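For reference, the structure is listed below as structure tokens.
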Amino acid sequence: MRRRGDWTDIRLRVAARAEGLCEYCLVHNDHTMVGCEVDHIVSVKHGGSGELHNLAFACQACNRSKGTDIASILSRPARITRLFNPRSDLWSDHFRLELGIYIVGITEIGTATVRLLNFNGWKRVEEREMLRDVGLYPTPAARKRIKPSS
């Protein structure tokens, strides 16, 4: 059983590794209304652990949309497609940013994640647009994930 201090240490380590970014939509913790949370990439009910390799930093909107899901179903014929995993996938391999605010899936994994996490819902796009307009989205750390240097 973990003690309260253990969880604080884990949260700080997960946040530092993510450079303060939601590892799904790349909004910075300081630029969200309620901050980011620690997400179990594979939820405990699906056999995931509370170890660092299974944890991601996620804004509340992404974490609540993802819930305990690990996959989604893509169109017809219906195919079960796993979601983006920040520990094993590169953001730029699965998504691109259009007009500085729209997150578009460029693979089946990206497309499934965009849809399930509702990246382009009007409130989320409006938030990123406001942040973009004042130079806070994407942050320099997020730009490295969007287009890593060659």
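Going by the structure tokens order, chains are called A, B, ..., each with residues numbered from 1, while ligands are numbered from 1 in the order shown.
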(request) Within 12 Å of Arg143 (chain A), counting only C-alpha atoms, which residues show up once you throw out same-chain ones fewer than 5 positions away? Write them as a ChimeraX atom specification, please. (result) /A:19,21,25-28,91-92,96-97,100,136-138,148-149
(request) Pick out the residues sitting within 8 Å of region 82-86 of chain A, and hand them over as a list in words; count only C-alpha atoms, and ignore anything fewer than 4 positions along from it in its own chain. (result)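 The neighbour list is Glu23, Tyr24, Ile41, Ala56, Ile70, Ala71, Ser72, Leu90, Trp91, His94, Ile109, Gly110, Ala112 and Thr113 of chain A.
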Take the residues from that selection and put them in a file with C-alpha atoms, as an mmCIF file, in the first residue's frame.
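selection-v8.cif, written as the output of this step:
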```
data_model
loop_
_atom_site.group_PDB
_atom_site.id
_atom_site.type_symbol
_atom_site.label_atom_id
_atom_site.label_comp_id
_atom_site.auth_asym_id
_atom_site.auth_seq_id
_atom_site.Cartn_x
_atom_site.Cartn_y
_atom_site.Cartn_z
ATOM 1 C CA GLU A 23 0.979 13.703 -22.840
ATOM 2 C CA TYR A 24 -2.125 13.315 -25.001
ATOM 3 C CA ILE A 41 -2.271 4.122 -19.378
ATOM 4 C CA ALA A 56 1.149 9.405 -17.976
ATOM 5 C CA ILE A 70 -7.375 1.026 -23.700
ATOM 6 C CA ALA A 71 -8.848 0.817 -27.217
ATOM 7 C CA SER A 72 -11.663 2.051 -29.434
ATOM 8 C CA LEU A 90 5.918 9.120 -30.381
ATOM 9 C CA TRP A 91 3.255 11.825 -30.612
ATOM 10 C CA HIS A 94 0.338 9.356 -34.730
ATOM 11 C CA ILE A 109 -4.064 4.655 -33.346
ATOM 12 C CA GLY A 110 -4.054 8.449 -33.690
ATOM 13 C CA ALA A 112 -8.975 6.295 -32.481
ATOM 14 C CA THR A 113 -7.353 8.438 -29.787
#
```
(message) So, with only C-alpha atoms as the atoms that count, which of A:Lys45, A:Arg17, A:Lys144, A:Arg115 lies closest to Ser75 (chain A)?
(response) A:Arg115
(message) I'd like the contact shell of Phe119 (chain A) - 8 Å cut-off, only C-alpha atoms, skipping same-chain residues fewer than 6 positions apart - returned as a list of chain:residue names.
(response) A:Cys25, A:Cys62, A:Tyr102, A:Ile103, A:Val125
(request) May I ask for the distance between CA of Asp9 (chain A) and CA of Ala61 (chain A), given in Å to one decimal place? (result)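 Value for the CA of Asp9 (chain A)-CA of Ala61 (chain A) distance: 23.1 Å.
Comparing the minimum interatomic distances between Gly121 (chain A) and each of A:Ile106, A:Val44, A:Ile101, A:Val34, counting only C-alpha atoms, we find that A:Ile101 sits nearest.
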